[in-house]
>>> print(open('work_14.txt').read())   # compact mmCIF, C-alpha atoms
# COMPACT_ATOMS: atom_id res chain seq x y z
CA GLY I 1 252.11 89.78 147.34
CA HIS I 2 249.87 92.67 146.37
CA ALA I 3 247.77 95.24 148.21
CA HIS I 4 244.23 94.94 146.90
CA CYS I 5 242.85 97.99 145.13
CA TYR I 6 239.30 99.12 145.97
CA TRP I 7 239.36 101.53 143.02
CA CYS I 8 240.08 98.87 140.41
CA HIS I 9 238.20 96.17 142.35
CA GLN I 10 241.20 93.93 141.75
CA PRO I 11 243.56 92.05 144.08
CA SER I 12 246.34 92.77 141.57
CA CYS I 13 246.62 95.85 139.36
CA GLU I 14 248.99 98.68 138.44
CA HIS I 15 248.49 100.20 141.91
CA SER I 16 248.97 97.06 143.99
CA THR I 17 252.77 96.85 144.32
CA PRO I 18 255.50 99.36 145.24
CA GLU I 19 257.82 100.63 142.53
CA ASP I 20 261.03 99.77 144.40
CA GLY I 21 262.51 98.02 147.41
CA HIS I 22 262.54 101.15 149.59
CA SER I 23 258.77 101.67 149.59
CA ILE I 24 256.21 100.54 152.14
CA PHE I 25 252.40 100.52 152.19
CA SER I 26 250.91 103.44 154.10
CA GLY I 27 247.18 102.90 153.56
CA TRP I 28 244.53 103.56 150.95
CA SER I 29 243.45 106.84 149.39
CA PRO I 30 239.84 108.06 149.79
CA THR I 31 239.02 106.28 146.52
CA GLY I 32 240.68 103.05 147.65
CA ILE I 33 243.96 103.20 145.74
CA PRO I 34 246.98 101.76 147.62
CA ILE I 35 249.47 104.43 148.71
CA TRP I 36 253.19 103.63 148.70
CA LYS I 37 255.78 105.76 150.46
CA ASN I 38 259.54 105.73 150.61
CA ILE I 39 260.37 104.33 154.04
CA THR I 40 262.69 107.25 154.85
CA THR I 41 259.89 109.71 154.10
CA PHE I 42 257.49 107.67 156.22
CA LEU I 43 259.85 107.48 159.20
CA LEU I 44 260.70 111.16 158.94
CA SER I 45 257.00 111.93 159.39
CA GLU I 46 255.90 109.20 161.78
CA GLU I 47 258.87 107.66 163.64
CA PRO I 48 261.94 109.93 163.24
CA GLU I 49 263.80 108.24 166.08
CA LEU I 50 264.09 105.12 163.90
CA LEU I 51 265.90 106.87 161.03
CA ASP I 52 269.31 105.85 162.37
CA HIS I 53 268.33 102.24 161.68
CA LEU I 54 268.51 103.03 157.96
CA HIS I 55 271.03 105.84 157.76
CA GLY I 56 273.49 104.99 160.51
CA ASP I 57 276.88 103.40 159.94
CA GLN I 58 275.21 99.97 160.21
CA LEU I 59 271.79 98.85 159.05
CA LYS I 60 269.51 97.76 161.88
CA PRO I 61 266.20 96.10 160.92
CA MET I 62 263.15 97.77 162.43
CA ALA I 63 259.38 97.67 162.09
CA VAL I 64 256.38 99.89 162.79
CA VAL I 65 252.92 98.49 163.56
CA VAL I 66 249.94 100.14 161.85
CA SER I 67 246.37 99.05 162.61
CA GLY I 68 243.82 98.16 159.98
CA ASP I 69 241.61 101.04 161.10
CA ALA I 70 244.44 103.47 160.38
CA LEU I 71 245.08 101.90 156.97
CA LEU I 72 241.41 102.15 155.96
CA GLY I 73 240.69 105.40 157.75
CA ASP I 74 240.60 107.64 154.66
CA VAL I 75 238.67 105.31 152.34
CA LEU I 76 235.14 106.40 151.50
CA GLN I 77 232.63 103.75 152.53
CA GLU I 78 231.16 103.48 149.04
CA TYR I 79 234.44 101.97 147.79
CA ILE I 80 234.57 99.33 150.53
CA GLU I 81 230.96 98.17 150.56
CA GLY I 82 230.30 94.99 148.64
CA THR I 83 233.94 94.00 148.19
CA THR I 84 235.08 90.45 148.85
CA PHE I 85 238.67 91.34 149.69
CA ALA I 86 240.25 89.97 152.85
CA HIS I 87 240.04 92.37 155.78
CA PRO I 88 243.37 94.03 156.69
CA VAL I 89 243.84 93.64 160.44
CA GLY I 90 247.07 95.62 160.36
CA CYS I 91 250.54 95.95 158.89
CA LEU I 92 254.13 95.70 159.93
CA LEU I 93 256.11 98.26 157.97
CA ALA I 94 259.64 96.94 158.18
CA GLY I 95 262.96 98.10 156.81
CA GLY I 96 266.68 98.16 157.32
CA PHE I 97 267.22 94.61 156.06
CA PRO I 98 270.70 94.30 154.51
CA LEU I 99 270.58 93.51 150.81
CA LEU I 100 273.48 92.68 148.51
CA ARG I 101 272.65 94.01 145.07
CA GLY I 102 273.67 92.49 141.77
CA ASP I 103 276.49 95.04 141.48
CA ARG I 104 277.84 93.76 144.83
CA GLU I 105 276.94 96.99 146.62
CA MET I 106 275.12 96.85 149.94
CA ASP I 107 271.60 98.25 149.99
CA HIS I 108 268.64 97.93 152.32
CA LEU I 109 265.20 96.44 151.71
CA ALA I 110 261.83 97.54 153.03
CA ILE I 111 258.91 95.14 153.24
CA THR I 112 255.24 95.37 154.18
CA ALA I 113 253.88 92.44 156.19
CA MET I 114 250.10 92.80 155.93
CA LEU I 115 247.94 90.64 158.19
CA LEU I 116 244.74 89.59 156.39
CA GLU I 117 241.55 88.07 157.76
CA THR I 118 239.00 85.91 155.96
CA MET I 119 236.10 83.82 157.26
CA THR I 120 235.44 80.12 156.77
CA ALA I 121 231.97 78.83 155.95
CA ARG I 122 231.56 78.12 159.68
CA GLY I 123 232.37 81.73 160.54
CA ILE I 124 235.81 81.01 161.97
CA PRO I 125 238.41 83.69 161.17
CA LYS I 126 241.52 82.63 159.29
CA TYR I 127 244.63 84.79 159.28
CA ARG I 128 247.56 84.92 156.90
CA TRP I 129 250.53 87.13 156.15
CA ASN I 130 250.78 88.97 152.85
CA PHE I 131 254.39 90.03 152.25
CA ILE I 132 254.83 92.89 149.78
CA SER I 133 258.09 94.29 148.43
CA THR I 134 259.80 94.93 145.10
CA PRO I 135 263.48 94.03 145.47
CA PRO I 136 265.82 95.07 142.65
CA ALA I 137 266.24 92.61 139.78
CA PRO I 138 267.30 89.86 139.56
CA LEU I 139 266.28 89.29 143.19
CA HIS I 140 262.96 87.53 143.77
CA LEU I 141 261.01 88.06 147.00
CA PRO I 142 259.61 84.51 147.42
CA THR I 143 263.11 83.11 146.96
CA MET I 144 264.53 85.58 149.47
CA LEU I 145 261.87 84.69 152.04
CA GLY I 146 262.54 80.99 151.59
CA GLN I 147 266.20 81.23 152.54
CA GLU I 148 265.36 80.25 156.13
CA GLU I 149 268.39 80.93 158.33
CA ASN I 150 270.57 82.64 155.73
CA THR I 151 269.49 86.28 156.19
CA PRO I 152 267.95 88.46 158.92
CA LEU I 153 264.89 88.95 156.71
CA ALA I 154 264.35 85.24 156.11
CA ARG I 155 264.83 84.42 159.80
CA TRP I 156 262.33 87.09 160.85
CA ILE I 157 259.74 86.01 158.27
CA SER I 158 260.11 82.38 159.31
CA ALA I 159 259.61 83.31 162.97
CA ILE I 160 256.54 85.47 162.46
CA ARG I 161 254.95 82.85 160.21
CA SER I 162 255.33 80.34 163.04
CA MET I 163 253.89 82.81 165.54
CA LEU I 164 250.79 83.35 163.42
CA ILE I 165 250.34 79.60 162.90
CA GLY I 166 250.33 79.22 166.69
CA ALA I 167 247.65 81.89 167.07
CA GLN I 168 245.53 80.33 164.32
CA GLU I 169 245.76 76.93 165.98
CA ALA I 170 244.55 78.45 169.26
CA ILE I 171 241.54 79.99 167.50
CA GLU I 172 240.63 76.74 165.73
CA SER I 173 241.18 74.65 168.85
CA ARG I 174 238.65 76.76 170.74
CA ALA I 175 236.17 76.32 167.88
CA ARG I 176 236.60 72.53 167.91
CA GLU I 177 235.88 72.50 171.63
CA GLY I 178 232.66 74.41 171.06
CA LYS I 179 234.06 77.53 172.72
CA ARG I 180 234.44 79.71 169.67
CA MET I 181 236.59 82.76 170.24
CA PRO I 182 234.72 86.05 169.66
CA LEU I 183 236.00 87.98 166.65
CA LYS I 184 237.18 90.83 168.84
CA GLU I 185 239.25 88.40 170.89
CA SER I 186 240.68 86.74 167.77
CA ARG I 187 241.80 90.08 166.40
CA LYS I 188 243.30 91.01 169.73
CA LEU I 189 245.27 87.76 169.69
CA VAL I 190 246.72 88.31 166.22
CA MET I 191 247.48 91.96 166.96
CA ALA I 192 249.53 90.68 169.90
CA VAL I 193 251.39 88.54 167.36
CA MET I 194 252.11 91.67 165.32
CA ASN I 195 253.47 93.49 168.34
CA GLU I 196 255.63 90.52 169.26
CA ALA I 197 256.88 90.36 165.66
CA GLN I 198 257.86 94.00 165.93
CA SER I 199 259.76 93.41 169.16
CA LEU I 200 261.83 90.71 167.47
CA LEU I 201 263.52 93.51 165.55
CA GLY I 202 264.25 95.48 168.69
CA THR I 203 261.79 98.28 167.98
CA LEU I 204 259.21 98.17 170.76
CA GLN I 205 256.68 100.95 170.49
CA ARG I 206 257.58 103.97 172.62
CA ARG I 207 255.35 106.48 174.30
CA HIS I 208 255.40 110.00 172.93
CA ASP I 209 256.98 111.51 176.04
CA ARG I 210 259.75 108.93 176.01
CA ARG I 211 260.52 109.74 172.36
CA THR I 212 260.63 113.42 173.24
CA ARG I 213 263.04 112.90 176.15
CA HIS I 214 265.25 110.73 173.97
CA ALA I 215 265.31 113.35 171.21
CA ASP I 216 266.21 116.08 173.72
CA MET I 217 269.08 113.99 175.06
CA ARG I 218 270.38 113.41 171.54
CA VAL I 219 270.32 117.11 170.71
CA ALA I 220 272.02 118.02 173.99
CA ASP I 221 274.83 115.49 173.56
CA PRO I 222 277.86 117.51 172.34
CA ASP I 223 279.66 114.36 171.17
CA ARG I 224 276.84 113.34 168.85
CA PRO I 225 277.29 114.44 165.20
CA THR I 226 273.70 115.73 165.16
CA SER I 227 274.77 118.56 167.47
CA ALA I 228 277.11 119.84 164.75
CA ALA I 229 274.60 119.61 161.90
CA SER I 230 273.73 123.31 161.77
CA THR I 231 277.36 124.43 162.04
CA ASP I 232 278.58 122.00 159.40
CA VAL I 233 275.85 122.65 156.86
CA LEU I 234 276.12 126.43 157.11
CA ALA I 235 279.89 126.22 156.68
CA SER I 236 279.68 123.70 153.85
CA LYS I 237 280.75 124.43 150.31
CA ARG I 238 279.55 122.80 147.12
CA GLY I 239 282.38 120.26 147.31
CA ASP I 240 281.17 119.14 150.75
CA THR I 241 277.66 118.48 149.47
CA LEU I 242 276.67 115.32 147.61
CA VAL I 243 273.54 113.61 146.36
CA ASP I 244 272.67 110.10 147.52
CA ARG I 245 271.33 108.70 144.24
CA ARG I 246 269.68 105.73 145.87
CA GLU I 247 267.88 107.55 148.68
CA SER I 248 267.33 110.86 146.84
CA THR I 249 268.75 112.70 149.84
CA ILE I 250 271.42 115.36 150.27
CA ILE I 251 274.66 114.42 152.05
CA VAL I 252 276.71 117.12 153.80
CA ARG I 253 280.24 116.21 154.87
CA GLY I 254 281.61 117.76 158.04
CA PRO I 255 284.96 117.42 159.83
CA HIS I 256 286.05 114.24 161.64
CA GLY I 257 283.91 111.91 159.51
CA ARG I 258 280.63 113.63 160.34
CA ILE I 259 277.93 112.96 157.74
CA HIS I 260 274.60 114.81 157.80
CA VAL I 261 271.63 113.54 155.79
CA PHE I 262 268.93 115.96 154.60
CA THR I 263 265.91 115.76 152.37
CA ARG I 264 266.08 117.90 149.24
CA ASN I 265 263.83 120.49 150.86
CA GLY I 266 266.16 120.93 153.82
CA ILE I 267 264.71 118.66 156.50
CA HIS I 268 267.41 117.11 158.68
CA VAL I 269 267.06 113.31 158.60
CA THR I 270 269.98 112.14 160.72
CA SER I 271 273.70 112.55 161.41
CA VAL I 272 276.30 109.80 161.73
CA ARG I 273 280.06 109.25 161.67
CA TYR I 274 281.54 107.33 158.75
CA SER I 275 285.07 106.06 158.40
CA PRO I 276 287.14 107.55 155.54
CA ASP I 277 286.96 104.18 153.76
CA ALA I 278 283.15 104.08 154.01
CA ILE I 279 282.89 107.59 152.57
CA LEU I 280 285.35 106.85 149.77
CA ASN I 281 283.53 103.62 148.92
CA ARG I 282 280.21 105.42 148.43
CA ILE I 283 281.83 108.07 146.24
CA GLN I 284 283.79 105.59 144.12
CA ARG I 285 280.69 103.48 143.53
CA ARG I 286 278.80 106.66 142.62
CA ARG I 287 276.27 106.07 145.35
CA TRP I 288 277.14 109.64 146.37
CA THR I 289 277.68 112.05 143.47
CA PRO I 290 278.54 115.78 143.29
CA ILE I 291 275.59 118.11 143.54
CA GLU I 292 274.77 120.45 140.66
CA ASP I 293 275.23 124.20 141.19
CA HIS I 294 271.53 124.96 140.90
CA ASP I 295 270.54 122.16 143.27
CA PHE I 296 273.18 123.28 145.77
CA MET I 297 271.89 126.85 145.79
CA THR I 298 268.30 125.66 146.13
CA PHE I 299 269.27 123.38 149.02
CA LYS I 300 271.10 126.18 150.83
CA GLU I 301 268.08 128.46 150.37
CA GLU I 302 265.79 125.80 151.86
CA ILE I 303 268.16 125.35 154.80
CA MET I 304 268.25 129.08 155.50
CA LYS I 305 264.47 129.39 155.27
CA ARG I 306 263.95 126.53 157.71
CA TRP I 307 266.59 127.55 160.22
CA ASN I 308 265.69 131.22 160.19
CA ALA I 309 262.05 130.42 160.94
CA PRO I 310 260.87 131.16 164.52
CA GLY I 311 261.04 128.04 166.67
CA SER I 312 263.53 126.31 164.40
CA ALA I 313 266.45 124.30 165.73
CA GLN I 314 268.84 127.09 164.73
CA ASP I 315 266.68 129.70 166.42
CA LYS I 316 266.66 127.66 169.62
CA GLU I 317 270.44 127.26 169.56
CA GLU I 318 270.98 131.00 169.23
CA SER I 319 268.55 131.82 172.03
CA SER I 320 270.03 129.31 174.48
>>> encode(input="work_14.txt", output="structure tokens")
Amino acid sequence: GHAHCYWCHQPSCEHSTPEDGHSIFSGWSPTGIPIWKNITTFLLSEEPELLDHLHGDQLKPMAVVVSGDALLGDVLQEYIEGTTFAHPVGCLLAGGFPLLRGDREMDHLAITAMLLETMTARGIPKYRWNFISTPPAPLHLPTMLGQEENTPLARWISAIRSMLIGAQEAIESRAREGKRMPLKESRKLVMAVMNEAQSLLGTLQRRHDRRTRHADMRVADPDRPTSAASTDVLASKRGDTLVDRRESTIIVRGPHGRIHVFTRNGIHVTSVRYSPDAILNRIQRRRWTPIEDHDFMTFKEEIMKRWNAPGSAQDKEESS
């Protein structure tokens, strides 16, 4: 699938698909151009508690629900008026689906499931999924989605297709009975489908205070590798620091299998424990490669700037 472009006035153009299998759709720019973000970057900003689903020892599929209003919120009205594109009711931004690449190395795939609305001549809304992703060659998304019970992705797609068919049948049944469902009610029904589709992946939406309590518990847990992130990274040498070529992140190795993942500008993404074999496998396959001297010094400078700032995690540790 493609995300329609209000700038080009085309359902398919150079802007309408992500460049790789780790990118998801995050909305439209003020001029109506589709915006694609790396799913790690998106989660780091919007749902950091879900990062372990991608960067833990095991991949765990997850999804985030985004409403159509949020997707269209920045677009200037002049770019929307007069278009005949289907209306985006919302999106499921999903990731963490295991993917076996052509080189036999395990990867993960992100996919955008956009829910689109059109109207029949009788004014009855019709809803359909638009699945958007760019898996690495030679993989082909329609083929992957048609594998039915063979993969977690195919099983999930099959299930949410069936769920939407059920909702559409309910809308059309009401219309046949002369009790047409108001548009607001129809959209509420299909948004419920989106939320149920999200829950299938075990990622029910959490309230902000619950996320905060959970994060505090994780930081306070002395057995969790995250608690050692600051100590390990400050004690690390160049040989302990690697670059994840696929994710464009920095990997810092600590004692006892601790692995800390950072963005290049020093933001802590997550911490996990890997077995020696798992670490060796990533190095041998050159998924993780040695960091250059200049990049290592820049990374250390970014770390020091962030952790010496008032209110930083390091500052809080020292004051406690």
>>> residues_around(input="work_14.txt", residues="range 50-58 of chain I", least_positions_apart="5", cutoff="12 Å", atoms="only C-alpha atoms", output="ChimeraX atom specification")
/I:22,38-45,63-64,94-98,106-110,201-206,211,214-215,218,225-226,244,246-247,249,251,257-262,268-279
>>> residues_around(input="work_14.txt", residues="range 231-236 of chain I", least_positions_apart="6", cutoff="9 Å", atoms="all atoms listed in the file", output="VMD selection string")
chain I and resid 252 to 255 258 260 300 303 to 304
>>> write_last_selection(input="work_14.txt", atoms="C-alpha atoms", output="PDB file, in the coordinates of the input")
ATOM      1  CA  VAL I 252     276.710 117.120 153.800  1.00  0.00           C
ATOM      2  CA  ARG I 253     280.240 116.210 154.870  1.00  0.00           C
ATOM      3  CA  GLY I 254     281.610 117.760 158.040  1.00  0.00           C
ATOM      4  CA  PRO I 255     284.960 117.420 159.830  1.00  0.00           C
ATOM      5  CA  ARG I 258     280.630 113.630 160.340  1.00  0.00           C
ATOM      6  CA  HIS I 260     274.600 114.810 157.800  1.00  0.00           C
ATOM      7  CA  LYS I 300     271.100 126.180 150.830  1.00  0.00           C
ATOM      8  CA  ILE I 303     268.160 125.350 154.800  1.00  0.00           C
ATOM      9  CA  MET I 304     268.250 129.080 155.500  1.00  0.00           C
TER      10      MET I 304
END
>>> residues_near_point(input="work_14.txt", point="(253.5, 102.0, 149.4)", cutoff="12 Å", atoms="all atoms listed in the file", output="ChimeraX atom specification")
/I:2-4,15-29,33-42,71,91,93-94,110-114,132-134
>>> closest_residue(input="work_14.txt", among="I:Ile80, I:Val193, I:Cys8, I:Leu115", to="Gly166 in chain I", atoms="only C-alpha atoms")
I:Val193
>>> atom_distance(input="work_14.txt", atom1="CA of Cys5 in chain I", atom2="CA of Gly32 in chain I")
6.1 Å
>>> closest_residue(input="work_14.txt", among="I:Asn130, I:Pro138, I:Pro61, I:Arg238", to="His294 in chain I", atoms="all atoms listed in the file")
I:Arg238
>>> closest_residue(input="work_14.txt", among="I:Gln168, I:Ser248, I:Ser67, I:Ser186", to="Thr289 in chain I", atoms="all atoms listed in the file")
I:Ser248
>>> axis_aligned_box(input="work_14.txt", around="range 49-55 of chain I", padding_each_side="6 Å", output="lines of an AutoDock Vina configuration file")
center_x = 267.4
center_y = 105.2
center_z = 161.9
size_x = 19.2
size_y = 18.0
size_z = 20.3
>>> atom_distance(input="work_14.txt", atom1="CA of Phe296 in chain I", atom2="CA of Thr263 in chain I")
12.4 Å
>>> atom_distance(input="work_14.txt", atom1="CA of Pro152 in chain I", atom2="CA of Ser199 in chain I")
14.0 Å
>>> closest_residue(input="work_14.txt", among="I:Arg161, I:Arg306, I:Lys184, I:His87", to="Trp129 in chain I", atoms="all atoms listed in the file")
I:Arg161
>>> closest_residue(input="work_14.txt", among="I:Glu47, I:Asp69, I:Glu185, I:Glu292", to="Ile250 in chain I", atoms="all atoms listed in the file")
I:Glu292
>>> residues_around(input="work_14.txt", residues="Val65 in chain I", least_positions_apart="3", cutoff="8 Å", atoms="all atoms listed in the file", output="ChimeraX atom specification")
/I:90-93,194-195,198
>>> decode(input="work_14.txt", residues="range 161-182 of chain I", atoms="N, CA and C atoms", output="short mmCIF file (atom, residue, chain, number, x, y, z; two decimals), in the first residue's frame")
data_model
loop_
_atom_site.label_atom_id
_atom_site.label_comp_id
_atom_site.auth_asym_id
_atom_site.auth_seq_id
_atom_site.Cartn_x
_atom_site.Cartn_y
_atom_site.Cartn_z
N ARG I 161 -8.24 -8.32 9.65
CA ARG I 161 -9.08 -8.24 8.46
C ARG I 161 -10.47 -8.79 8.76
N SER I 162 -10.51 -9.92 9.44
CA SER I 162 -11.80 -10.53 9.79
C SER I 162 -12.59 -9.63 10.73
N MET I 163 -11.90 -9.00 11.67
CA MET I 163 -12.58 -8.11 12.61
C MET I 163 -13.21 -6.93 11.89
N LEU I 164 -12.51 -6.38 10.91
CA LEU I 164 -13.06 -5.23 10.18
C LEU I 164 -14.22 -5.66 9.29
N ILE I 165 -14.13 -6.85 8.71
CA ILE I 165 -15.25 -7.36 7.90
C ILE I 165 -16.50 -7.47 8.76
N GLY I 166 -16.34 -7.94 10.00
CA GLY I 166 -17.48 -8.05 10.91
C GLY I 166 -18.10 -6.70 11.20
N ALA I 167 -17.26 -5.69 11.43
CA ALA I 167 -17.78 -4.35 11.69
C ALA I 167 -18.49 -3.78 10.47
N GLN I 168 -17.91 -4.00 9.29
CA GLN I 168 -18.54 -3.51 8.06
C GLN I 168 -19.89 -4.18 7.83
N GLU I 169 -19.98 -5.46 8.11
CA GLU I 169 -21.26 -6.16 7.96
C GLU I 169 -22.31 -5.60 8.90
N ALA I 170 -21.91 -5.23 10.11
CA ALA I 170 -22.85 -4.64 11.06
C ALA I 170 -23.37 -3.29 10.56
N ILE I 171 -22.49 -2.49 9.97
CA ILE I 171 -22.89 -1.19 9.43
C ILE I 171 -23.86 -1.37 8.27
N GLU I 172 -23.55 -2.29 7.37
CA GLU I 172 -24.40 -2.50 6.19
C GLU I 172 -25.72 -3.16 6.56
N SER I 173 -25.70 -4.02 7.56
CA SER I 173 -26.94 -4.66 8.01
C SER I 173 -27.92 -3.63 8.55
N ARG I 174 -27.40 -2.69 9.32
CA ARG I 174 -28.26 -1.62 9.84
C ARG I 174 -28.86 -0.81 8.70
N ALA I 175 -28.06 -0.55 7.67
CA ALA I 175 -28.54 0.23 6.53
C ALA I 175 -29.65 -0.52 5.79
N ARG I 176 -29.48 -1.83 5.62
CA ARG I 176 -30.50 -2.63 4.93
C ARG I 176 -31.81 -2.65 5.70
N GLU I 177 -31.72 -2.55 7.00
CA GLU I 177 -32.92 -2.55 7.84
C GLU I 177 -33.57 -1.17 7.94
N GLY I 178 -32.97 -0.20 7.26
CA GLY I 178 -33.51 1.16 7.32
C GLY I 178 -33.13 1.90 8.58
N LYS I 179 -32.15 1.38 9.30
CA LYS I 179 -31.70 2.02 10.55
C LYS I 179 -30.22 2.39 10.41
N ARG I 180 -29.96 3.24 9.43
CA ARG I 180 -28.58 3.57 9.09
C ARG I 180 -27.82 4.10 10.31
N MET I 181 -26.63 3.58 10.48
CA MET I 181 -25.78 3.97 11.59
C MET I 181 -25.21 5.36 11.33
N PRO I 182 -25.33 6.30 12.28
CA PRO I 182 -24.71 7.61 12.08
C PRO I 182 -23.20 7.47 11.87
#
